[in-house]
Amino acid sequence: MHRLAVKLTALFLCIAPVSFFLLTPATGTGTALPGTITINAVQKKFGPVEFDHAKHAALAEGCGQCHHTHNDKMNATCKECHAINAAHFKRSVKQQFLPCSGCHAEASVQSPELPGLKVALHKKCFPCHIGMGDLGTSPKGCTQICHTRNKKG
Amino acid sequence: MSVETPGAPHNTRKNNSGITRRRLLSLSLLAGGAALGLPRPAAARPEFSGWPESFGMLVDLTLCVGCRSCEQACGDANSLAKPERPFDDHSVFNENRWPSAKAYTVVNRYPNPKNKEHPLFRKIQCNHCLEPACATVCPIQAFTKTQQGAVVYNVDLCFGCRYCVMACPFNIPGYDYESPLDAKVVKCTFCSSRIANNQLPACADACPAGALTFGKRTDLIKMARKRIMDNPKNYIDHIYGEREVGGTSWMYLSAVPFDKYGLPGNLPKKPLIELQEGFLSSVPVIFTTFPAIFGMLYAALHKKEKKEDPAQKAGSESREVDHE
């Protein structure tokens with residue numbers, strides 16, 4: 001009896017992580033929706049941005065409002081994201097949510113239609129945030145909601 | 001004076017600093033040779049639609065938020081002194097600023113006719129024409145339209161005539177009066193040294209809003225057309241700079257007419273050189289043939305006067321008498 005209990009416990013311990021993984025909704029990182037994300041990929045003039053993903057996810061009409069994924073209402077054709085090069089295509093079919101930096105790195109002269117990471121991020125913020133505080137009327141708007149200016153900036 | 005060979009719009013040499021007395025002499029000889037030659041009719045000038053593969057910038061004015069990041073990046077890239085008012089000071093928008101020796105580019109604010117709460121912003125800089133009027137009028141080829149797309153200026157050649165300042169349809173070249181002994185024309189360089197190093201121009205690198213897109217000019221035109229097609233309500237159906245003054249390397253998209261941004265709306269679609277070509281090409285002919293014609297006329301009249309001179313008259317009369 002005692003040995004059976006040990007066997008069952010061992011079995012449970014083996015299965016539990018697998019089942020947990022299978023039941024969790026598949027996202028980019030394989031975990032639940034992120035709460036707050038520190039965006040620190042682009043830091044020249046400004047410090048990192050604490051992005052409250054949960055708050056924005058609640059406000060947004062759907063994930064597709066910010067992320068491009070399949071089956072959303074984006075006007076983009078497949079080719080615009082997937083035919084850039086083989087490496088991008090490979091990454092893009094592996095994950096359901098691509099990290100922005102998966103495709104958007106430094107802006108390149110060869111593909112001007114693909115904005116760099118900084119522009120890609122800001123383009124998602126501005127349509128809603130313009131008009132909040134001084135954003136769109138004064139350069140000070142940058143530091144009102146999102147950014148803190150670096151000393152050297 | 002520097003009559004350019006039609007069809008080869010501008011000198012493409014990147015480095016003009018190697019100018020010597022010999023080159024200067026050969027230039028003036030060329031100009032003299034052109035003066036002796038026949039004028040070429042404007043129609044004979046082959047069409048030039050820009051260097052193939054040249055770069056450009058697409059400015060989507062609907063996206064600019066007036067953050068002035070481009071101004072700051074331009075100042076850093078060109079080692080310009082920090083302005084008196086910091087870059088996050090929006091009081092600069094109260095006045096209509098213009099590029100100068102202290103700032104090669106400035107962002108201005110304009111009232112939005114569609115939405116008063118969201119003003120319009122435009123970054124002002126050299127538009128790098130495909131056939132630049134500044135290079136056309138420069139008597140000493142201090143301006144060069146490079147094959148990469150930039151219109152660059154060589155301070156070592158400039159002797160300060162300021163024809164370029166007057167010729168520019170966008171009023172861009174400014175004159176640096178700060179140092180009288182080293183006075184020079186100043187304007188945006190399209191970061192030609194950065195482009196040569198496969199880098200983006202500093203302003204395009206800094207813009208967070210995606211208002212500035214750097215790329216091959218032909219790609220940018222396709223991109224601009226697609227943007228207009230995808231969002232016909234967001235844009236007016238016009239790429240400013242695609243054809244204005246024969247085309248410019250910097251092009252603009254907007255939701256409102258371009259004159260609302262202070263961009264001249266009445267520019268001809270042909271390069272400005274074509275407006276002057278007929279007149280300029282007739283100048284050498286007038287300078288060579290008119291003196292000859294009038295000189296001969298004068299000589300003929302003078303000869304007649306000499307004939308009518310009393311002493312000669314008396315002589316002729318006596319000859320007549322002799323004859324009788």
# chains A, B, ... in the order shown; residues from 1 in each chain; ligands from 1

call {"tool": "interface_residues", "arguments": {"of": "chain B", "to": "chain A", "cutoff": "7 Å", "atoms": "only C-alpha atoms", "output": "ChimeraX atom specification"}}
result
/B:65-68,88-90,118-119,208-210,213-215,223

call {"tool": "residues_around", "arguments": {"residues": "B:Leu275", "least_positions_apart": "4", "cutoff": "12 Å", "atoms": "only C-alpha atoms", "output": "mmCIF file with N, CA and C atoms, in the first residue's frame"}}
result
data_model
loop_
_atom_site.group_PDB
_atom_site.id
_atom_site.type_symbol
_atom_site.label_atom_id
_atom_site.label_comp_id
_atom_site.auth_asym_id
_atom_site.auth_seq_id
_atom_site.Cartn_x
_atom_site.Cartn_y
_atom_site.Cartn_z
ATOM 1 N N PRO B 41 18.616 74.371 -78.262
ATOM 2 C CA PRO B 41 17.206 74.594 -77.932
ATOM 3 C C PRO B 41 16.804 73.735 -76.730
ATOM 4 N N ALA B 42 15.885 74.292 -75.914
ATOM 5 C CA ALA B 42 15.489 73.608 -74.682
ATOM 6 C C ALA B 42 14.925 72.226 -74.969
ATOM 7 N N ALA B 43 14.309 72.052 -76.147
ATOM 8 C CA ALA B 43 13.671 70.781 -76.466
ATOM 9 C C ALA B 43 14.703 69.678 -76.666
ATOM 10 N N ALA B 133 18.308 73.470 -58.372
ATOM 11 C CA ALA B 133 18.525 74.820 -58.896
ATOM 12 C C ALA B 133 19.785 75.433 -58.297
ATOM 13 N N THR B 136 22.584 74.306 -60.284
ATOM 14 C CA THR B 136 22.525 74.881 -61.631
ATOM 15 C C THR B 136 23.095 76.283 -61.659
ATOM 16 N N ALA B 167 18.175 81.034 -55.651
ATOM 17 C CA ALA B 167 17.606 80.136 -56.660
ATOM 18 C C ALA B 167 16.705 79.065 -56.059
ATOM 19 N N VAL B 245 9.247 70.531 -59.280
ATOM 20 C CA VAL B 245 10.553 70.969 -59.812
ATOM 21 C C VAL B 245 11.392 69.799 -60.365
ATOM 22 N N GLY B 246 10.696 68.905 -61.078
ATOM 23 C CA GLY B 246 11.399 67.782 -61.689
ATOM 24 C C GLY B 246 11.630 66.619 -60.747
ATOM 25 N N LEU B 267 4.579 75.153 -57.600
ATOM 26 C CA LEU B 267 5.858 74.879 -58.265
ATOM 27 C C LEU B 267 5.636 74.195 -59.602
ATOM 28 N N PRO B 268 6.467 74.515 -60.606
ATOM 29 C CA PRO B 268 6.323 73.826 -61.886
ATOM 30 C C PRO B 268 6.731 72.369 -61.748
ATOM 31 N N LYS B 269 6.231 71.560 -62.654
ATOM 32 C CA LYS B 269 6.556 70.134 -62.614
ATOM 33 C C LYS B 269 7.889 69.855 -63.308
ATOM 34 N N LYS B 270 8.397 70.843 -64.013
ATOM 35 C CA LYS B 270 9.664 70.659 -64.715
ATOM 36 C C LYS B 270 10.804 71.218 -63.874
ATOM 37 N N PRO B 271 12.015 70.707 -64.074
ATOM 38 C CA PRO B 271 13.156 71.269 -63.339
ATOM 39 C C PRO B 271 13.300 72.755 -63.645
ATOM 40 N N PHE B 279 16.818 81.297 -72.039
ATOM 41 C CA PHE B 279 17.434 82.606 -71.836
ATOM 42 C C PHE B 279 18.954 82.478 -71.692
ATOM 43 N N LEU B 280 19.346 81.536 -70.821
ATOM 44 C CA LEU B 280 20.786 81.417 -70.544
ATOM 45 C C LEU B 280 21.571 81.003 -71.781
ATOM 46 N N SER B 281 20.970 80.097 -72.583
ATOM 47 C CA SER B 281 21.724 79.635 -73.757
ATOM 48 C C SER B 281 21.824 80.729 -74.807
#

call {"tool": "residues_around", "arguments": {"residues": "stretch 172-181 of chain B", "least_positions_apart": "3", "cutoff": "8 Å", "atoms": "only C-alpha atoms", "output": "list in words"}}
result
Pro99, Ser100, Ala101, Gln125, Cys126, Arg162, Cys164, Val165, Cys168, Pro169, Lys184, Val185, Val186 and Lys187 of chain B

call {"tool": "write_last_selection", "arguments": {"atoms": "C-alpha atoms", "output": "PDB file, in the first residue's frame"}}
result
ATOM      1  CA  PRO B  99      16.739  76.221 -40.989  1.00  0.00           C
ATOM      2  CA  SER B 100      19.934  78.146 -40.320  1.00  0.00           C
ATOM      3  CA  ALA B 101      23.603  77.662 -39.556  1.00  0.00           C
ATOM      4  CA  GLN B 125      15.120  70.859 -44.454  1.00  0.00           C
ATOM      5  CA  CYS B 126      16.665  70.679 -47.917  1.00  0.00           C
ATOM      6  CA  ARG B 162      24.742  83.420 -52.746  1.00  0.00           C
ATOM      7  CA  CYS B 164      21.995  79.327 -54.489  1.00  0.00           C
ATOM      8  CA  VAL B 165      20.225  81.172 -51.673  1.00  0.00           C
ATOM      9  CA  CYS B 168      16.230  77.539 -54.233  1.00  0.00           C
ATOM     10  CA  PRO B 169      12.460  77.114 -54.715  1.00  0.00           C
ATOM     11  CA  LYS B 184      29.650  79.604 -45.821  1.00  0.00           C
ATOM     12  CA  VAL B 185      26.324  78.371 -47.099  1.00  0.00           C
ATOM     13  CA  VAL B 186      24.652  75.891 -44.770  1.00  0.00           C
ATOM     14  CA  LYS B 187      21.941  73.336 -45.347  1.00  0.00           C
TER      15      LYS B 187
END

call {"tool": "residues_around", "arguments": {"residues": "B:Thr189", "least_positions_apart": "3", "cutoff": "7 Å", "atoms": "only C-alpha atoms", "output": "PDB file with N, CA and C atoms, in the first residue's frame"}}
result
ATOM      1  N   ALA B 150      21.998  62.824 -52.347  1.00  0.00           N
ATOM      2  CA  ALA B 150      22.201  64.052 -51.577  1.00  0.00           C
ATOM      3  C   ALA B 150      22.703  65.181 -52.471  1.00  0.00           C
ATOM      4  N   VAL B 151      22.291  66.391 -52.133  1.00  0.00           N
ATOM      5  CA  VAL B 151      22.881  67.581 -52.748  1.00  0.00           C
ATOM      6  C   VAL B 151      23.862  68.118 -51.708  1.00  0.00           C
ATOM      7  N   VAL B 152      25.156  67.975 -52.016  1.00  0.00           N
ATOM      8  CA  VAL B 152      26.170  68.350 -51.035  1.00  0.00           C
ATOM      9  C   VAL B 152      26.901  69.616 -51.478  1.00  0.00           C
ATOM     10  N   SER B 192      25.100  62.552 -45.874  1.00  0.00           N
ATOM     11  CA  SER B 192      25.700  61.762 -46.953  1.00  0.00           C
ATOM     12  C   SER B 192      26.817  60.859 -46.449  1.00  0.00           C
TER      13      SER B 192
END

call {"tool": "atom_distance", "arguments": {"atom1": "atom CA of A:His53", "atom2": "atom CA of A:Ala105"}}
result
21.2 Å

call {"tool": "select_by_dssp", "arguments": {"residues": "stretch 102-182 of chain B", "states": "strand (DSSP E)", "output": "MDAnalysis selection string"}}
result
chainID B and resid 106:110 120:124 143:145 151:153 174:176

call {"tool": "residues_around", "arguments": {"residues": "A:Phe46", "least_positions_apart": "3", "cutoff": "7 Å", "atoms": "only C-alpha atoms", "output": "PyMOL selection string"}}
result
chain A and resi 43+147-150+153

call {"tool": "closest_residue", "arguments": {"among": "A:Ala60, A:Leu33, A:Cys146, A:Cys103", "to": "A:Pro48", "atoms": "only C-alpha atoms"}}
result
A:Cys146

call {"tool": "residues_around", "arguments": {"residues": "stretch 236-243 of chain B", "least_positions_apart": "4", "cutoff": "6 Å", "atoms": "only C-alpha atoms", "output": "JSON, numbers by chain"}}
result
{"B": [247, 248, 251, 252, 253, 255, 269]}

call {"tool": "atom_distance", "arguments": {"atom1": "atom CA of B:Glu95", "atom2": "atom CA of B:Val107"}}
result
10.6 Å

call {"tool": "residues_around", "arguments": {"residues": "A:Gly35", "least_positions_apart": "3", "cutoff": "12 Å", "atoms": "only C-alpha atoms", "output": "VMD selection string"}}
result
chain A and resid 31 to 32 38 50 to 58

call {"tool": "atom_distance", "arguments": {"atom1": "atom CA of B:Ser54", "atom2": "atom CA of B:Gly149"}}
result
5.0 Å
